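Asker: Pasting work15.cif here (mmCIF, C-alpha atoms):
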```
data_final
#
loop_
_atom_site.label_atom_id
_atom_site.label_comp_id
_atom_site.auth_asym_id
_atom_site.auth_seq_id
_atom_site.Cartn_x
_atom_site.Cartn_y
_atom_site.Cartn_z
CA MET D 298 120.16 93.97 81.45
CA LEU D 299 119.07 90.37 81.16
CA THR D 300 119.49 87.93 84.01
CA THR D 301 118.96 84.22 84.10
CA ALA D 302 118.02 82.09 87.06
CA THR D 303 116.88 78.57 87.75
CA LEU D 304 114.22 77.39 90.13
CA ASN D 305 113.19 73.89 91.06
CA SER D 306 109.72 72.49 90.56
CA PRO D 307 107.98 69.13 90.85
CA LEU D 308 108.37 68.89 87.05
CA GLY D 309 112.10 69.60 87.01
CA ALA D 310 114.20 72.72 86.95
CA ILE D 311 112.80 75.83 85.26
CA THR D 312 114.99 78.40 83.53
CA LEU D 313 113.93 82.02 83.77
CA VAL D 314 115.29 84.93 81.75
CA LEU D 315 114.37 88.26 83.31
CA LYS D 316 114.59 91.95 82.62
CA GLY D 317 114.33 93.35 86.11
CA ASP D 318 111.34 91.58 87.65
CA THR D 319 109.68 90.92 84.28
CA ILE D 320 109.88 87.37 82.96
CA MET D 321 110.92 87.30 79.32
CA ILE D 322 111.45 83.54 79.05
CA CYS D 323 110.21 80.70 81.25
CA GLU D 324 111.15 77.24 79.99
CA PHE D 325 111.86 73.86 81.49
CA ALA D 326 115.63 73.65 81.91
CA ASP D 327 115.86 70.44 79.87
CA ARG D 328 114.64 72.46 76.86
CA GLU D 329 117.85 74.51 76.75
CA ALA D 330 117.87 74.70 72.93
CA ARG D 331 114.56 76.61 73.04
CA VAL D 332 116.03 79.17 75.46
CA THR D 333 119.15 79.55 73.31
CA ARG D 334 117.06 80.02 70.15
CA GLN D 335 114.87 82.66 71.84
CA LEU D 336 117.89 84.54 73.16
CA GLU D 337 119.55 84.54 69.74
CA THR D 338 116.34 85.67 68.02
CA TYR D 339 115.10 88.36 70.40
CA PHE D 340 118.20 89.40 72.33
CA PRO D 341 121.08 89.13 69.83
CA GLY D 342 124.41 90.03 71.34
CA GLU D 343 123.05 90.07 74.89
CA THR D 344 124.40 87.55 77.36
CA PRO D 345 122.27 87.10 80.47
CA VAL D 346 124.05 87.32 83.80
CA GLU D 347 123.39 84.55 86.31
CA ALA D 348 121.31 85.82 89.24
CA LYS D 349 119.11 84.64 92.07
CA VAL D 350 115.38 84.24 91.39
CA PRO D 351 113.60 87.28 92.89
CA ASN D 352 111.66 86.34 96.05
CA ALA D 353 108.28 87.37 94.64
CA ILE D 354 108.76 85.03 91.68
CA THR D 355 109.94 82.13 93.87
CA GLN D 356 106.94 82.66 96.16
CA ALA D 357 104.52 82.69 93.21
CA PHE D 358 105.90 79.42 91.81
CA ASP D 359 105.93 77.82 95.28
CA ALA D 360 102.31 78.91 95.77
CA TYR D 361 101.29 77.57 92.35
CA PHE D 362 102.89 74.17 92.89
CA GLY D 363 101.51 74.20 96.43
CA GLY D 364 97.94 74.43 95.14
CA ASP D 365 97.22 78.14 94.47
CA ARG D 366 96.27 77.66 90.83
CA ASP D 367 96.17 81.42 90.15
CA ALA D 368 99.50 82.37 91.76
CA LEU D 369 101.36 82.73 88.45
CA ASN D 370 98.78 85.23 87.15
CA ARG D 371 100.36 87.86 89.38
CA LEU D 372 103.75 87.65 87.67
CA LYS D 373 104.84 90.22 85.10
CA SER D 374 105.88 88.82 81.75
CA LYS D 375 106.71 90.21 78.36
CA PRO D 376 107.19 87.45 75.80
CA LEU D 377 108.65 88.62 72.52
CA GLY D 378 107.26 87.34 69.24
CA THR D 379 105.23 88.43 66.25
CA PRO D 380 102.13 90.55 66.89
CA TYR D 381 99.97 87.48 66.14
CA GLU D 382 101.93 85.27 68.55
CA GLN D 383 101.60 87.92 71.25
CA ARG D 384 97.81 88.00 70.72
CA VAL D 385 97.65 84.22 71.14
CA TRP D 386 99.90 84.25 74.19
CA GLU D 387 97.85 87.00 75.81
CA ALA D 388 94.65 85.02 75.14
CA LEU D 389 96.22 82.07 76.99
CA ARG D 390 96.15 84.11 80.20
CA ASP D 391 92.36 84.32 79.88
CA ILE D 392 91.93 80.54 80.22
CA PRO D 393 91.12 80.01 83.90
CA ALA D 394 93.08 77.41 85.85
CA GLY D 395 91.14 74.15 86.00
CA ASN D 396 89.73 74.75 82.51
CA THR D 397 90.84 73.90 79.01
CA THR D 398 90.01 75.11 75.54
CA SER D 399 90.72 73.69 72.11
CA TYR D 400 92.93 75.03 69.36
CA GLY D 401 89.78 75.40 67.24
CA ALA D 402 87.92 77.38 69.91
CA MET D 403 90.89 79.71 70.36
CA ALA D 404 91.19 80.12 66.60
CA LYS D 405 87.50 81.03 66.31
CA GLU D 406 87.88 83.55 69.13
CA LEU D 407 90.93 85.11 67.44
CA GLY D 408 89.58 84.93 63.88
CA SER D 409 92.37 82.59 62.90
CA SER D 410 93.03 78.92 62.16
CA PRO D 411 93.68 76.08 64.63
CA ARG D 412 97.00 75.38 62.92
CA ALA D 413 98.16 79.00 63.41
CA VAL D 414 97.12 78.90 67.07
CA GLY D 415 99.01 75.62 67.49
CA ARG D 416 102.11 77.08 65.87
CA ALA D 417 102.01 80.15 68.14
CA ASN D 418 101.44 77.97 71.21
CA GLY D 419 104.47 75.90 70.23
CA ARG D 420 106.58 79.06 70.22
CA ASN D 421 105.31 80.33 73.58
CA PRO D 422 108.46 81.41 75.49
CA VAL D 423 106.71 81.84 78.85
CA ALA D 424 105.37 78.40 79.67
CA LEU D 425 103.20 78.13 82.78
CA ILE D 426 102.72 81.91 83.03
CA HIS D 427 100.94 82.03 79.65
CA PRO D 428 99.40 78.57 80.13
CA CYS D 429 99.56 76.90 76.73
CA HIS D 430 99.16 73.57 78.54
CA ARG D 431 95.45 74.44 78.88
CA VAL D 432 94.94 74.15 75.11
CA ILE D 433 94.00 70.65 73.99
CA GLY D 434 92.70 68.91 70.88
CA ALA D 435 89.03 69.27 69.91
CA ASP D 436 88.52 65.62 70.84
CA GLY D 437 89.98 66.18 74.32
CA SER D 438 93.37 64.72 73.42
CA LEU D 439 96.56 66.11 74.92
CA THR D 440 98.29 67.25 71.77
CA GLY D 441 101.42 69.32 71.47
CA TYR D 442 103.33 70.71 74.42
CA ALA D 443 106.95 71.84 74.13
CA GLY D 444 107.58 70.74 77.72
CA GLY D 445 106.38 67.21 76.94
CA LEU D 446 102.93 65.63 77.09
CA GLU D 447 103.63 64.03 80.49
CA ARG D 448 104.16 67.52 81.94
CA LYS D 449 101.03 68.81 80.24
CA GLU D 450 99.01 65.98 81.78
CA TRP D 451 100.57 66.61 85.21
CA LEU D 452 99.80 70.34 85.03
CA LEU D 453 96.18 69.78 84.00
CA LYS D 454 95.69 67.25 86.80
CA HIS D 455 97.37 69.64 89.25
CA GLU D 456 94.91 72.36 88.22
CA GLY D 457 91.95 69.99 88.46
CA ALA D 458 91.21 69.98 84.72
CA LEU D 459 91.89 66.29 84.17
CA LEU D 460 90.55 64.53 87.22
CA ALA D 461 89.72 61.38 85.28
CA LEU D 462 93.25 60.69 84.00
#
```
Written as structure tokens, that's how I'd like the structure from this file.
Answerer:
Amino acid sequence: MLTTATLNSPLGAITLVLKGDTIMICEFADREARVTRQLETYFPGETPVEAKVPNAITQAFDAYFGGDRDALNRLKSKPLGTPYEQRVWEALRDIPAGNTTSYGAMAKELGSSPRAVGRANGRNPVALIHPCHRVIGADGSLTGYAGGLERKEWLLKHEGALLAL
């Protein structure tokens, strides 16, 4: 059974779709169309039931926004997508907080192309937990983030990756 819950953050409300204590979708609430599209694609016919955010998840997000940059690593997630997308999303979890990588570097690591990595990042249904905000342009530019570039910049500063901005 799918449940949905909302939690507040310094960047606005976050919508979670869960199967038990596993996060299937984590999106900023103002990106409702993305959540709807993901539900229709991967959970056709299922309607999530409104629920309370499990305490362990609330605590992890509170810890992350409170300064524990690795707190979200402890959360269970299972984003649904193509096998390639899942490889990219799993690789995102290997980028340490406070660090960034480029689309090109990820592509080289995965034996792919920067454009394919960018496309998969853009479809990442578990923002923050699989930290696609840590992937930037080869020239250091903040390119592409479904949650908005201002959020990407905030997250990177919060994690200590963009101290100069």
Asker: Could you tell me, as JSON, numbers by chain, exactly which residues end up selected when the PyMOL selection byres ((chain D and resi 382-392) around 6) is applied to this structure?
Answerer: {"D": [378, 379, 380, 381, 393, 417, 427, 428]}
Asker: Enumerate, as a list of chain:residue names, the protein, DNA and RNA residues whose atoms approach (115.9, 81.2, 87.2) to within 8 Å, taking into account only C-alpha atoms and the coordinate frame of the file.
Answerer: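 Result, sorted by chain then residue number: D:Thr301, D:Ala302, D:Thr303, D:Leu304, D:Ile311, D:Thr312, D:Leu313, D:Val314, D:Ala348, D:Lys349, D:Val350.
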Asker: So, with all atoms listed in the file as the atoms that count, which of D:Asp359, D:Phe325, D:Gly408, D:Thr398 lies closest to Ser438 in chain D?
Answerer: D:Thr398
Asker: I'd like to know which of D:Pro345, D:Gly457, D:Pro351, D:Gly434 is closest to Gly415 in chain D, using all atoms listed in the file.
Answerer: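 That would be D:Gly434, the residue with the smallest distance to Gly415 in chain D.
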Asker: Nearest to Ala357 in chain D among D:Ala402, D:Leu308, D:Ala458, D:Ile426, with distances taken over all atoms listed in the file: which residue is it?
Answerer: D:Ile426
Asker: Would you compute the box with edges along x, y and z of the file around range 441-455 of chain D, including every atom the file lists for it and 5 Å extra on each side, and give its centre and edge lengths in Å to one decimal, as AutoDock Vina command-line options?
Answerer:
```
--center_x 101.6 --center_y 67.9 --center_z 80.4 --size_x 21.9 --size_y 17.8 --size_z 27.8
```
Asker: Could you jot down the CA of Ala360 in chain D to CA of Val423 in chain D separation for me, Å, one decimal place?
Answerer: 17.7 Å
Asker: For this file, the PyMOL selection byres ((chain D and resi 365-369) around 8) selects which residues, as a count of residues only?
Answerer: 15
Asker: In Å, with one decimal, what is the gap from CA of Arg412 in chain D to CA of Lys373 in chain D?
Answerer: 27.8 Å
Asker: Please provide the set of residues having any atom within 10 Å of Thr440 in chain D, restricted to only C-alpha atoms, with same-chain residues fewer than 6 positions apart removed, written as a ChimeraX atom specification.
Answerer: /D:399-400,415,430,432-434,446,449
Asker: As an exercise, work out the distance from CA of Thr319 in chain D to CA of Thr300 in chain D in Å and give it to one decimal place.
Answerer: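 So the answer is 10.3 Å.
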Asker: Could you check the closest approach to Arg448 in chain D for each of D:Ala353, D:Glu329, D:Ile320, D:Ser306 and tell me which residue wins, using all atoms listed in the file?
Answerer: D:Ser306
Asker: Give the answer as one residue: which of D:Ala404, D:Leu377, D:Ala326, D:Leu439 has the shortest atom-to-atom distance to Trp451 in chain D, using only C-alpha atoms?
Answerer: D:Leu439
